[in-house]
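Reproduced below: final.txt, with compact mmCIF, C-alpha atoms.
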# COMPACT_ATOMS: atom_id res chain seq x y z
CA MET A 1 -71.15 262.27 9.09
CA LYS A 2 -72.07 261.40 5.49
CA ILE A 3 -75.29 259.73 6.70
CA LEU A 4 -76.16 262.78 8.80
CA ARG A 5 -75.74 265.05 5.74
CA LEU A 6 -77.92 262.72 3.67
CA ILE A 7 -80.66 262.73 6.34
CA MET A 8 -80.48 266.54 6.62
CA SER A 9 -80.71 266.92 2.82
CA ALA A 10 -83.76 264.63 2.70
CA ALA A 11 -85.40 266.54 5.56
CA LEU A 12 -84.78 269.89 3.84
CA ALA A 13 -86.17 268.57 0.54
CA LEU A 14 -89.28 267.30 2.34
CA ALA A 15 -89.72 270.62 4.14
CA ALA A 16 -89.35 272.52 0.86
CA SER A 17 -91.96 270.39 -0.89
CA THR A 18 -94.36 270.73 2.06
CA ALA A 19 -93.82 274.50 2.13
CA SER A 20 -94.95 274.80 -1.50
CA ALA A 21 -98.35 273.24 -0.75
CA GLN A 22 -101.20 275.74 -0.80
CA VAL A 23 -104.58 275.34 0.90
CA TYR A 24 -107.78 276.43 -0.86
CA ASN A 25 -111.26 276.45 0.67
CA ILE A 26 -114.13 275.26 -1.49
CA GLU A 27 -116.31 278.23 -2.47
CA PRO A 28 -119.87 276.94 -1.88
CA GLY A 29 -121.47 279.61 -4.08
CA HIS A 30 -119.48 278.37 -7.09
CA THR A 31 -119.29 274.61 -6.47
CA TYR A 32 -122.12 272.35 -7.55
CA PRO A 33 -121.76 268.60 -8.02
CA SER A 34 -124.31 267.52 -10.61
CA PHE A 35 -125.34 264.17 -12.02
CA GLU A 36 -127.23 262.52 -14.83
CA ALA A 37 -129.32 259.37 -14.36
CA ASP A 38 -131.27 257.16 -16.75
CA HIS A 39 -135.07 257.26 -16.71
CA MET A 40 -136.07 253.88 -18.20
CA GLY A 41 -134.09 254.61 -21.36
CA LEU A 42 -136.58 257.35 -22.24
CA SER A 43 -134.62 260.34 -21.02
CA PHE A 44 -131.96 261.41 -18.56
CA TRP A 45 -132.82 263.16 -15.31
CA ARG A 46 -130.31 265.75 -14.21
CA GLY A 47 -129.85 267.01 -10.70
CA LYS A 48 -127.36 268.84 -8.56
CA PHE A 49 -126.50 269.44 -4.94
CA THR A 50 -126.73 273.07 -3.87
CA LYS A 51 -124.62 273.00 -0.68
CA THR A 52 -121.02 271.82 -0.75
CA GLY A 53 -117.90 272.47 1.32
CA GLY A 54 -114.38 271.18 1.72
CA LYS A 55 -110.81 272.02 0.88
CA VAL A 56 -108.14 271.48 -1.73
CA VAL A 57 -104.41 271.27 -1.01
CA LEU A 58 -102.24 271.74 -4.10
CA ASP A 59 -98.52 271.12 -4.22
CA ARG A 60 -97.76 272.27 -7.74
CA GLY A 61 -94.05 272.29 -6.94
CA SER A 62 -93.88 268.52 -6.51
CA LYS A 63 -96.58 267.87 -9.15
CA THR A 64 -97.67 264.85 -7.12
CA GLY A 65 -98.71 266.17 -3.74
CA GLY A 66 -101.93 267.52 -2.45
CA SER A 67 -105.39 266.40 -1.55
CA ILE A 68 -109.03 267.11 -2.20
CA GLU A 69 -111.95 266.71 0.17
CA ILE A 70 -115.46 267.61 -0.91
CA VAL A 71 -118.39 267.31 1.49
CA ILE A 72 -121.87 267.41 -0.04
CA ASP A 73 -125.06 268.09 1.90
CA ALA A 74 -127.24 265.27 0.50
CA ALA A 75 -130.47 267.01 1.57
CA THR A 76 -129.78 269.77 -0.98
CA VAL A 77 -130.38 267.44 -3.94
CA ASP A 78 -132.32 269.37 -6.56
CA PHE A 79 -133.83 267.96 -9.76
CA GLY A 80 -135.88 271.11 -10.38
CA HIS A 81 -138.98 269.01 -9.60
CA LYS A 82 -140.48 269.18 -6.09
CA LYS A 83 -141.89 265.60 -5.93
CA MET A 84 -138.66 264.12 -7.31
CA ASN A 85 -136.62 266.09 -4.75
CA GLU A 86 -138.77 264.67 -1.94
CA LYS A 87 -138.41 261.13 -3.34
CA ALA A 88 -134.63 261.55 -3.70
CA ARG A 89 -134.26 262.61 -0.05
CA GLY A 90 -136.15 259.51 1.13
CA ASP A 91 -134.82 256.13 2.20
CA GLU A 92 -135.05 254.55 -1.28
CA MET A 93 -132.48 256.97 -2.67
CA PHE A 94 -130.17 259.30 -0.72
CA ASN A 95 -131.72 258.55 2.70
CA VAL A 96 -130.64 261.96 3.99
CA GLU A 97 -131.98 261.37 7.48
CA LYS A 98 -129.55 258.49 8.04
CA PHE A 99 -126.76 259.64 5.66
CA PRO A 100 -126.73 263.47 5.62
CA THR A 101 -123.46 263.82 3.69
CA ILE A 102 -121.72 262.43 0.64
CA THR A 103 -117.93 262.81 0.68
CA TYR A 104 -115.20 262.60 -1.91
CA ARG A 105 -111.57 262.24 -0.79
CA SER A 106 -108.61 262.02 -3.11
CA THR A 107 -105.96 259.35 -2.84
CA ALA A 108 -103.69 260.85 -5.57
CA LEU A 109 -103.59 263.92 -7.78
CA LYS A 110 -102.31 263.77 -11.36
CA PHE A 111 -100.60 266.74 -13.01
CA ASP A 112 -99.47 267.58 -16.53
CA GLY A 113 -96.92 270.28 -15.80
CA ASP A 114 -98.69 272.76 -13.49
CA ARG A 115 -102.15 271.68 -14.63
CA LEU A 116 -104.23 269.24 -12.61
CA VAL A 117 -105.60 266.62 -15.05
CA GLY A 118 -106.96 263.82 -12.87
CA VAL A 119 -107.78 262.65 -9.39
CA ASP A 120 -107.88 259.17 -7.95
CA GLY A 121 -110.18 259.08 -4.98
CA GLU A 122 -113.02 257.52 -3.06
CA MET A 123 -116.62 258.53 -2.69
CA THR A 124 -118.65 257.65 0.40
CA MET A 125 -122.39 257.58 -0.14
CA LEU A 126 -125.05 255.78 1.90
CA GLY A 127 -122.29 254.63 4.28
CA ILE A 128 -120.40 252.78 1.52
CA THR A 129 -116.99 253.85 0.19
CA ARG A 130 -115.90 252.99 -3.36
CA PRO A 131 -113.09 254.15 -5.66
CA LEU A 132 -114.06 256.94 -8.04
CA PRO A 133 -111.47 258.40 -10.42
CA LEU A 134 -112.19 261.86 -11.81
CA ASN A 135 -111.00 263.32 -15.09
CA ILE A 136 -110.24 267.05 -14.85
CA THR A 137 -111.32 268.59 -18.15
CA HIS A 138 -110.53 272.18 -17.16
CA PHE A 139 -108.21 273.63 -14.50
CA LYS A 140 -107.12 277.22 -14.00
CA CYS A 141 -105.87 279.45 -11.18
CA ILE A 142 -105.98 283.27 -11.26
CA MET A 143 -105.57 286.22 -8.95
CA HIS A 144 -109.25 287.04 -8.41
CA PRO A 145 -109.86 290.73 -9.22
CA MET A 146 -112.44 291.25 -6.46
CA LEU A 147 -111.17 288.92 -3.74
CA LYS A 148 -107.50 289.91 -4.24
CA ARG A 149 -106.56 286.29 -3.58
CA GLU A 150 -105.75 283.34 -5.79
CA VAL A 151 -108.77 281.30 -6.85
CA CYS A 152 -108.55 277.97 -8.65
CA GLY A 153 -111.37 276.44 -10.64
CA ALA A 154 -111.90 273.09 -12.28
CA ASP A 155 -114.41 270.93 -14.03
CA ALA A 156 -114.26 267.27 -13.00
CA GLN A 157 -116.10 264.33 -14.51
CA GLY A 158 -116.55 260.69 -13.58
CA ARG A 159 -118.94 257.74 -13.73
CA PHE A 160 -120.10 255.26 -11.13
CA ASP A 161 -122.60 252.47 -10.61
CA ARG A 162 -125.15 253.58 -7.99
CA SER A 163 -126.02 249.95 -7.15
CA GLU A 164 -122.49 249.54 -5.73
CA PHE A 165 -123.57 252.05 -3.06
CA GLY A 166 -126.83 250.21 -2.37
CA MET A 167 -129.06 252.59 -4.35
CA ASN A 168 -131.13 249.98 -6.19
CA ILE A 169 -134.40 251.80 -6.81
CA GLY A 170 -135.82 251.07 -10.28
CA LEU A 171 -133.32 248.36 -11.20
CA PRO A 172 -133.18 246.74 -13.73
CA ARG A 173 -135.53 249.05 -15.70
CA PHE A 174 -133.29 252.03 -14.96
CA SER A 175 -129.57 251.85 -15.73
CA PRO A 176 -127.42 252.02 -12.57
CA GLU A 177 -124.73 254.13 -14.30
CA ILE A 178 -124.49 257.72 -13.10
CA LYS A 179 -122.55 260.45 -14.86
CA LEU A 180 -121.05 262.89 -12.35
CA ALA A 181 -119.82 266.42 -13.08
CA ILE A 182 -118.38 268.75 -10.47
CA GLN A 183 -117.84 272.43 -11.15
CA VAL A 184 -115.59 273.67 -8.38
CA GLU A 185 -113.93 276.90 -7.36
CA ALA A 186 -111.70 277.24 -4.32
CA VAL A 187 -110.21 280.33 -2.69
CA LYS A 188 -106.67 280.33 -1.32
CA ALA A 189 -106.76 280.32 2.48
CA ASP A 190 -105.22 283.21 4.40

For the file at hand, write its structure as structure tokens.
Amino acid sequence: MKILRLIMSAALALAASTASAQVYNIEPGHTYPSFEADHMGLSFWRGKFTKTGGKVVLDRGSKTGGSIEIVIDAATVDFGHKKMNEKARGDEMFNVEKFPTITYRSTALKFDGDRLVGVDGEMTMLGITRPLPLNITHFKCIMHPMLKREVCGADAQGRFDRSEFGMNIGLPRFSPEIKLAIQVEAVKAD
């Protein structure tokens, strides 16, 4: 009988923690992963992706649960320079014909109180998956005055070596290190 009560208590605790998880859909009009890449040590080229989707699950009650999945349309890469955009979509860089999406999936969320401060996760680009931790420099949720639903926003930053994903164009003249920044807003699902 004591074991049965213990099992029931554990099941109720698990159900309570699962019930506090909230699902948010990535708002594509307010979410733009951007990056900075070396140009032979002379300057840094900056670009962004203009079409992104996905979802965020936050379990602020447990302060450990939840998940993030961001799906980026690689063909929407935009440097603000037509010839560079065409080059970036080709097989030497993002190879969008063969690899139309770049994905980021969390493996763990890190909280400081109710505030999300970091994400451990993996990015898949060019068919290769590698760990990519993100530092959350800003996180806030509000009741959106126009949508009448909760919206959460964040600014995430990380760094990775593009050569680990097989993107070797310009090496060694160009540094393989890429600075990544993701501005994201997500709307609580109905």

Give me the residues near A:Asp190 as number ranges by chain, where near means some atom within 9 Å (using only C-alpha atoms) and where sequence neighbours in that chain fewer than 2 positions away do not count. A: 23-24, 149, 188

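The spacing separating atom CA of A:Pro28 from atom CA of A:Ile182 amounts to 12.0 Å.
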
Work out where the centre of an axis-aligned box around every listed atom of stretch 120-130 of chain A lies and how long its edges are once 6 Å is added on each side; give both in Å to one decimal as lines of an AutoDock Vina configuration file.
center_x = -116.5
center_y = 256.0
center_z = -1.8
size_x = 29.2
size_y = 18.4
size_z = 24.2

Just want the 10 Å neighbourhood of A:Gly80, counted on only C-alpha atoms, with same-chain residues fewer than 5 positions away dropped. Output as a PyMOL selection string. chain A and resi 45-48+85

Using Å and a single decimal, report how far atom CA of A:Leu126 sits from atom CA of A:Ile72. 12.2 Å

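Relative to atom CA of A:Asp73, atom CA of A:Leu58 is found at 23.9 Å.
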
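Between A:Arg173 and the residues A:Asp161, A:Asp78, A:Asp38, A:Asp112, the shortest atom-to-atom distance, using all atoms listed in the file, involves A:Asp38.
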
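For A:Lys87, the set of protein, DNA and RNA residues having any atom at most 12 Å away, when counting only C-alpha atoms and skipping those fewer than 4 positions along the same chain, is Ala75, Val77, Asp78, Phe79, His81, Lys82, Lys83, Asp91, Glu92, Met93, Phe94, Asn95, Val96 and Ile169 of chain A.
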
Long-range neighbours of A:Thr76 as an MDAnalysis selection string, 7 Å cut-off, only C-alpha atoms, 3 positions minimum in chain: chainID A and resid 49:51 73

File of the preceding selection, C-alpha atoms, as a tab-separated table (two decimals), in the frame of the given file:
chain	number	residue	atom	x	y	z
A	49	PHE	CA	-126.50	269.44	-4.94
A	50	THR	CA	-126.73	273.07	-3.87
A	51	LYS	CA	-124.62	273.00	-0.68
A	73	ASP	CA	-125.06	268.09	1.90

Would you pick out the contacts of stretch 150-153 of chain A at 10 Å or less, using all atoms listed in the file, so that residues sharing its chain but fewer than 4 positions from it are not included, and give the list as a ChimeraX atom specification? /A:24-27,30-31,56,58,138-145,183-189

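Of the listed residues A:Gly113, A:Val119, A:Ala37, A:Leu42, the one whose atoms come nearest to A:Gly66 is A:Val119, with distances taken using all atoms listed in the file.
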
With distances taken over only C-alpha atoms, the candidate from A:Gly158, A:Ile136, A:Gly53, A:Glu164 nearest A:Arg115 is A:Ile136
